2 protein chains.
Amino acid sequence: MNIYSDEFNSLAELYKNFSDPTRLKIMYELSKEELCVQEIAERLRMNQSAISHQLRVLRNVRLVKFVKEGKMARYSLDDDHVRYILQIGVDHVKHTR
Amino acid sequence: MNIYSDEFNSLAELYKNFSDPTRLKIMYELSKEELCVQEIAERLRMNQSAISHQLRVLRNVRLVKFVKEGKMARYSLDDDHVRYILQIGVDHVKHTR
DNA sequence: TGTACATATGAACATTTATTCAGATGAATT
DNA sequence: AATTCATCTGAATAAATGTTCATATGTACA
């Protein structure tokens, strides 16, 4: 891995998704169970539009996935790396407090 | 860990530091060896001021540390979590390409 | 004391970002 | 077909961010 390769841009893009509390909370809730948009909005006490915007972001980078079920959309984490990255962050924060 | 706790803000703040290619490159270089500001600037082909600004950010959140040696400052990674977080990110990026 | 060098800082600017609001899409139900 | 409900989208706004330029600080050494 070399300093001028654009892997660093991809990496930065990846972490950017974890750099917002709303998205972290969404991923945290999804790490426990599949949820639809409205359920997430209620748990975070935020309006549905804000959640939907953030879900789109997370969808685009394949951190979450979803299946349409009628008029609802069931969201879940896309892969286990997401869980790891969350977990290590939690460890670090706990460790440095 | 609860949705309304501010741990999510701390977590987001932590990841924010990894969400910029310049800071990632700095941490990557420091994961290999201790370096002073000018050496980092040369490796990244960036000016010294930009590097210094980013180092301050990383210092403030204890991701890097430094020792003053005369007029120079030797920077290094502050703890092993930094290395882990970098590594998992790299794995994820490689895995999803 | 004066000069050179390494690093840090402050202000300014351009860019990116998250949220809100209003409205659009599309599925279910009557 | 009309209504209701869940979700998505686009535009607008406010706030945060990274870099550059110019300058300041502080150390070493003649």
# chains A, B, ... in the order shown; residues from 1 in each chain; ligands from 1

$ residues_around --residues "stretch 14-29 of chain D" --least-positions-apart "5" --cutoff "12 Å" --atoms "only C-alpha atoms (C1' of nucleotides)" --output "compact mmCIF listing (two decimals) with C-alpha atoms (C1' of nucleotides), in the first residue's frame"
# COMPACT_ATOMS: atom_id res chain seq x y z
CA ASP A 20 -21.58 10.88 12.26
CA LYS B 16 -13.78 11.56 12.07
CA ASN B 17 -10.02 11.48 12.51
CA SER B 19 -12.02 10.15 7.55
CA ASP B 20 -9.37 12.25 5.88
CA PRO B 21 -6.74 10.84 3.49
CA THR B 22 -4.00 13.14 4.76
CA ARG B 23 -4.47 12.01 8.35
CA MET B 46 2.63 18.33 1.18
CA ASN B 47 3.64 21.54 2.85
CA GLN B 48 4.72 21.59 6.44
CA SER B 49 1.84 23.71 7.63
CA ALA B 50 -0.83 21.32 6.42
CA ILE B 51 0.92 18.44 8.16
CA SER B 52 1.36 20.39 11.34
CA HIS B 53 -2.33 21.29 11.44
CA GLN B 54 -3.33 17.66 11.02
CA VAL B 57 -5.76 17.31 15.43
CA LYS B 68 10.45 17.17 21.52
CA GLU B 69 14.09 16.66 20.61
CA GLY B 70 15.77 19.99 20.32
CA LYS B 71 14.00 21.88 17.59
CA MET B 72 12.49 18.74 16.17
CA ALA B 73 9.46 16.73 17.25
C1' DT C 1 23.03 39.06 19.47
C1' DG C 2 21.83 37.56 14.98
C1' DT C 3 20.68 34.02 11.68
C1' DA C 4 18.93 29.61 10.33
C1' DC C 5 15.93 26.04 10.97
C1' DA C 6 11.77 23.10 12.68
C1' DT C 7 7.45 23.54 14.10
C1' DA C 8 3.10 25.84 15.43
C1' DT C 9 -0.59 29.11 14.81
C1' DG C 10 -4.34 32.38 13.03
C1' DA C 11 -7.14 34.15 9.49
C1' DA C 12 -9.32 33.46 5.14
C1' DC C 13 -11.28 30.80 1.67
C1' DA C 14 -13.49 27.07 -0.77
C1' DT C 15 -15.66 22.76 -0.20
C1' DT C 16 -18.28 19.33 2.06
C1' DT C 17 -21.77 17.97 5.20
C1' DA C 18 -26.23 17.16 7.86
C1' DT C 19 -30.72 18.54 8.51
C1' DT C 20 -35.18 20.46 7.34

$ select_by_dssp --residues "chain B" --states "strand (DSSP E)" --output "PDB file with C-alpha atoms, in the first residue's frame"
ATOM      1  CA  LEU B  35       8.958  10.553  12.094  1.00  0.00           C
ATOM      2  CA  CYS B  36       9.371  14.296  12.443  1.00  0.00           C
ATOM      3  CA  VAL B  64      -0.449  10.277  17.964  1.00  0.00           C
ATOM      4  CA  LYS B  65       2.072  11.408  20.533  1.00  0.00           C
ATOM      5  CA  PHE B  66       5.392  13.175  20.235  1.00  0.00           C
ATOM      6  CA  VAL B  67       8.604  13.952  22.024  1.00  0.00           C
ATOM      7  CA  LYS B  68      10.454  17.173  21.516  1.00  0.00           C
ATOM      8  CA  GLU B  69      14.090  16.660  20.607  1.00  0.00           C
ATOM      9  CA  MET B  72      12.489  18.741  16.175  1.00  0.00           C
ATOM     10  CA  ALA B  73       9.461  16.728  17.248  1.00  0.00           C
ATOM     11  CA  ARG B  74       9.417  12.971  16.838  1.00  0.00           C
ATOM     12  CA  TYR B  75       5.901  11.734  16.245  1.00  0.00           C
ATOM     13  CA  SER B  76       4.578   8.221  16.738  1.00  0.00           C
ATOM     14  CA  LEU B  77       1.259   6.419  17.092  1.00  0.00           C
TER      15      LEU B  77
END

$ atom_distance --atom1 "atom CA of A:Tyr4" --atom2 "atom CA of B:Leu44"
7.9 Å

$ closest_atom_pairs --of "chain A" --to "chain B" --cutoff "7 Å" --atoms "only C-alpha atoms" --output "JSON lines"
{"residue": "A:Ile3", "atom": "CA", "partner": "B:Lys25", "partner_atom": "CA", "distance": 6.3}
{"residue": "A:Phe8", "atom": "CA", "partner": "B:Pro21", "partner_atom": "CA", "distance": 5.3}
{"residue": "A:Asn9", "atom": "CA", "partner": "B:Pro21", "partner_atom": "CA", "distance": 5.4}
{"residue": "A:Ser10", "atom": "CA", "partner": "B:Val93", "partner_atom": "CA", "distance": 6.9}
{"residue": "A:Leu11", "atom": "CA", "partner": "B:Gly89", "partner_atom": "CA", "distance": 6.3}
{"residue": "A:Ala12", "atom": "CA", "partner": "B:Ser19", "partner_atom": "CA", "distance": 4.1}
{"residue": "A:Glu13", "atom": "CA", "partner": "B:Ser19", "partner_atom": "CA", "distance": 6.3}
{"residue": "A:Tyr15", "atom": "CA", "partner": "B:Ser19", "partner_atom": "CA", "distance": 4.9}
{"residue": "A:Lys16", "atom": "CA", "partner": "B:Ser19", "partner_atom": "CA", "distance": 4.6}
{"residue": "A:Phe18", "atom": "CA", "partner": "B:Tyr15", "partner_atom": "CA", "distance": 5.8}
{"residue": "A:Ser19", "atom": "CA", "partner": "B:Ala12", "partner_atom": "CA", "distance": 4.1}
{"residue": "A:Asp20", "atom": "CA", "partner": "B:Ala12", "partner_atom": "CA", "distance": 5.1}
{"residue": "A:Pro21", "atom": "CA", "partner": "B:Phe8", "partner_atom": "CA", "distance": 5.3}
{"residue": "A:Leu24", "atom": "CA", "partner": "B:Phe8", "partner_atom": "CA", "distance": 6.7}
{"residue": "A:Lys25", "atom": "CA", "partner": "B:Ile3", "partner_atom": "CA", "distance": 6.4}
{"residue": "A:Leu44", "atom": "CA", "partner": "B:Ile3", "partner_atom": "CA", "distance": 6.8}
{"residue": "A:His81", "atom": "CA", "partner": "B:His92", "partner_atom": "CA", "distance": 6.3}
{"residue": "A:Ile85", "atom": "CA", "partner": "B:Ile88", "partner_atom": "CA", "distance": 6.8}
{"residue": "A:Ile88", "atom": "CA", "partner": "B:Ile85", "partner_atom": "CA", "distance": 6.7}
{"residue": "A:Gly89", "atom": "CA", "partner": "B:Leu11", "partner_atom": "CA", "distance": 6.3}
{"residue": "A:Val90", "atom": "CA", "partner": "B:Leu11", "partner_atom": "CA", "distance": 6.8}
{"residue": "A:His92", "atom": "CA", "partner": "B:His81", "partner_atom": "CA", "distance": 6.3}
{"residue": "A:Val93", "atom": "CA", "partner": "B:Leu11", "partner_atom": "CA", "distance": 6.5}

$ write_last_selection --atoms "C-alpha atoms" --output "PDB file, in the first residue's frame"
ATOM      1  CA  ILE A   3       1.091   6.767  -0.124  1.00  0.00           C
ATOM      2  CA  PHE A   8      -6.334   6.080   1.183  1.00  0.00           C
ATOM      3  CA  ASN A   9      -9.217   7.921  -0.375  1.00  0.00           C
ATOM      4  CA  SER A  10     -11.363   4.790  -0.251  1.00  0.00           C
ATOM      5  CA  LEU A  11     -10.362   4.250   3.341  1.00  0.00           C
ATOM      6  CA  ALA A  12     -11.206   7.824   4.247  1.00  0.00           C
ATOM      7  CA  GLU A  13     -14.549   7.445   2.515  1.00  0.00           C
ATOM      8  CA  TYR A  15     -14.483   5.932   7.843  1.00  0.00           C
ATOM      9  CA  LYS A  16     -16.457   9.021   6.917  1.00  0.00           C
ATOM     10  CA  PHE A  18     -18.698   6.186  10.825  1.00  0.00           C
ATOM     11  CA  SER A  19     -17.996   9.811  11.637  1.00  0.00           C
ATOM     12  CA  ASP A  20     -21.577  10.877  12.265  1.00  0.00           C
ATOM     13  CA  PRO A  21     -23.519  10.002  15.425  1.00  0.00           C
ATOM     14  CA  LEU A  24     -23.473   5.238  14.105  1.00  0.00           C
ATOM     15  CA  LYS A  25     -26.726   4.931  16.010  1.00  0.00           C
ATOM     16  CA  LEU A  44     -33.510   7.753  17.529  1.00  0.00           C
ATOM     17  CA  HIS A  81     -16.666  -5.842   8.980  1.00  0.00           C
ATOM     18  CA  ILE A  85     -15.264  -1.579  13.013  1.00  0.00           C
ATOM     19  CA  ILE A  88     -13.082  -1.654  17.943  1.00  0.00           C
ATOM     20  CA  GLY A  89     -14.205   1.946  18.073  1.00  0.00           C
ATOM     21  CA  VAL A  90     -16.275   1.222  21.165  1.00  0.00           C
ATOM     22  CA  HIS A  92     -11.047   2.410  22.033  1.00  0.00           C
ATOM     23  CA  VAL A  93     -13.473   4.971  23.397  1.00  0.00           C
TER      24      VAL A  93
END

$ closest_atom_pairs --of "chain D" --to "chain A" --cutoff "8 Å" --atoms "only C-alpha atoms (C1' of nucleotides)" --output "CSV"
residue,atom,partner,partner_atom,distance
D:DA6,C1',A:Lys71,CA,5.7
D:DT7,C1',A:Met72,CA,7.4
D:DC8,C1',A:Ser52,CA,7.2

$ select_by_dssp --residues "stretch 10-97 of chain B" --states "alpha helix (DSSP H)" --output "VMD selection string"
chain B and resid 10 to 16 21 to 32 37 to 44 48 to 60 80 to 95

$ write_last_selection --atoms "C-alpha atoms" --output "compact mmCIF listing (two decimals), in the first residue's frame"
# COMPACT_ATOMS: atom_id res chain seq x y z
CA SER B 10 -17.23 10.29 21.11
CA LEU B 11 -17.24 7.42 18.67
CA ALA B 12 -18.12 9.71 15.78
CA GLU B 13 -15.35 12.07 16.84
CA LEU B 14 -12.92 9.18 16.89
CA TYR B 15 -13.80 8.01 13.40
CA LYS B 16 -13.78 11.56 12.07
CA PRO B 21 -6.74 10.84 3.49
CA THR B 22 -4.00 13.14 4.76
CA ARG B 23 -4.47 12.01 8.35
CA LEU B 24 -4.69 8.38 7.26
CA LYS B 25 -1.44 8.69 5.37
CA ILE B 26 0.23 10.31 8.34
CA MET B 27 -0.94 7.51 10.63
CA TYR B 28 0.08 4.92 8.08
CA GLU B 29 3.60 6.30 7.86
CA LEU B 30 3.78 6.54 11.63
CA SER B 31 2.67 2.93 11.92
CA LYS B 32 5.97 2.03 10.27
CA VAL B 37 7.06 16.81 10.80
CA GLN B 38 9.33 17.62 7.90
CA GLU B 39 9.89 13.96 7.06
CA ILE B 40 6.14 13.38 6.95
CA ALA B 41 5.66 16.43 4.76
CA GLU B 42 8.24 15.16 2.31
CA ARG B 43 6.80 11.66 2.13
CA LEU B 44 3.33 13.00 1.48
CA GLN B 48 4.72 21.59 6.44
CA SER B 49 1.84 23.71 7.63
CA ALA B 50 -0.83 21.32 6.42
CA ILE B 51 0.92 18.44 8.16
CA SER B 52 1.36 20.39 11.34
CA HIS B 53 -2.33 21.29 11.44
CA GLN B 54 -3.33 17.66 11.02
CA LEU B 55 -0.83 16.50 13.59
CA ARG B 56 -2.37 18.85 16.09
CA VAL B 57 -5.76 17.31 15.43
CA LEU B 58 -4.37 13.82 15.92
CA ARG B 59 -2.47 14.90 19.02
CA ASN B 60 -5.53 16.44 20.63
CA ASP B 80 -2.30 -0.04 19.32
CA HIS B 81 -6.00 0.57 18.77
CA VAL B 82 -4.96 3.01 16.08
CA ARG B 83 -3.16 0.24 14.27
CA TYR B 84 -6.15 -2.11 14.62
CA ILE B 85 -8.61 0.46 13.35
CA LEU B 86 -6.39 1.16 10.35
CA GLN B 87 -5.95 -2.54 9.66
CA ILE B 88 -9.63 -3.45 9.75
CA GLY B 89 -10.40 -0.57 7.43
CA VAL B 90 -7.77 -1.77 5.00
CA ASP B 91 -9.20 -5.31 5.15
CA HIS B 92 -12.67 -4.03 4.48
CA VAL B 93 -11.62 -1.91 1.53
CA LYS B 94 -9.60 -4.75 0.00
CA HIS B 95 -12.46 -7.15 0.60

$ interface_residues --of "chain C" --to "chain A" --cutoff "8 Å" --atoms "only C-alpha atoms (C1' of nucleotides)" --output "list in words"
DT19, DG26, DA27 and DA28 of chain C

$ atom_distance --atom1 "atom CA of A:Glu33" --atom2 "atom CA of A:Leu63"
14.6 Å

$ residues_around --residues "D:DA11" --least-positions-apart "4" --cutoff "12 Å" --atoms "only C-alpha atoms (C1' of nucleotides)" --output "list in words"
DT20, DC21, DA22 and DG23 of chain C

$ write_last_selection --atoms "N, CA and C atoms (P, O5', C5', C4', C3', O3' and C1' of nucleotides)" --output "short mmCIF file (atom, residue, chain, number, x, y, z; two decimals), in the first residue's frame"
data_model
loop_
_atom_site.label_atom_id
_atom_site.label_comp_id
_atom_site.auth_asym_id
_atom_site.auth_seq_id
_atom_site.Cartn_x
_atom_site.Cartn_y
_atom_site.Cartn_z
P DT C 20 -33.69 17.85 11.67
"O5'" DT C 20 -34.44 18.86 10.69
"C5'" DT C 20 -34.06 20.23 10.68
"C4'" DT C 20 -34.80 20.96 9.57
"C3'" DT C 20 -36.28 20.56 9.45
"O3'" DT C 20 -37.08 21.73 9.55
"C1'" DT C 20 -35.18 20.46 7.34
P DC C 21 -38.68 21.64 9.65
"O5'" DC C 21 -39.16 21.93 8.15
"C5'" DC C 21 -38.60 23.04 7.45
"C4'" DC C 21 -39.05 22.98 5.99
"C3'" DC C 21 -40.50 22.51 5.81
"O3'" DC C 21 -41.20 23.44 5.01
"C1'" DC C 21 -39.02 21.26 4.43
P DA C 22 -42.79 23.27 4.79
"O5'" DA C 22 -42.85 22.77 3.28
"C5'" DA C 22 -41.99 23.35 2.31
"C4'" DA C 22 -42.10 22.57 1.02
"C3'" DA C 22 -43.52 22.04 0.74
"O3'" DA C 22 -43.84 22.25 -0.62
"C1'" DA C 22 -41.98 20.26 0.77
P DG C 23 -45.28 21.83 -1.20
"O5'" DG C 23 -44.92 20.60 -2.13
"C5'" DG C 23 -43.82 20.73 -3.04
"C4'" DG C 23 -43.38 19.35 -3.46
"C3'" DG C 23 -44.50 18.49 -4.05
"O3'" DG C 23 -44.06 18.01 -5.31
"C1'" DG C 23 -43.27 17.29 -2.44
#
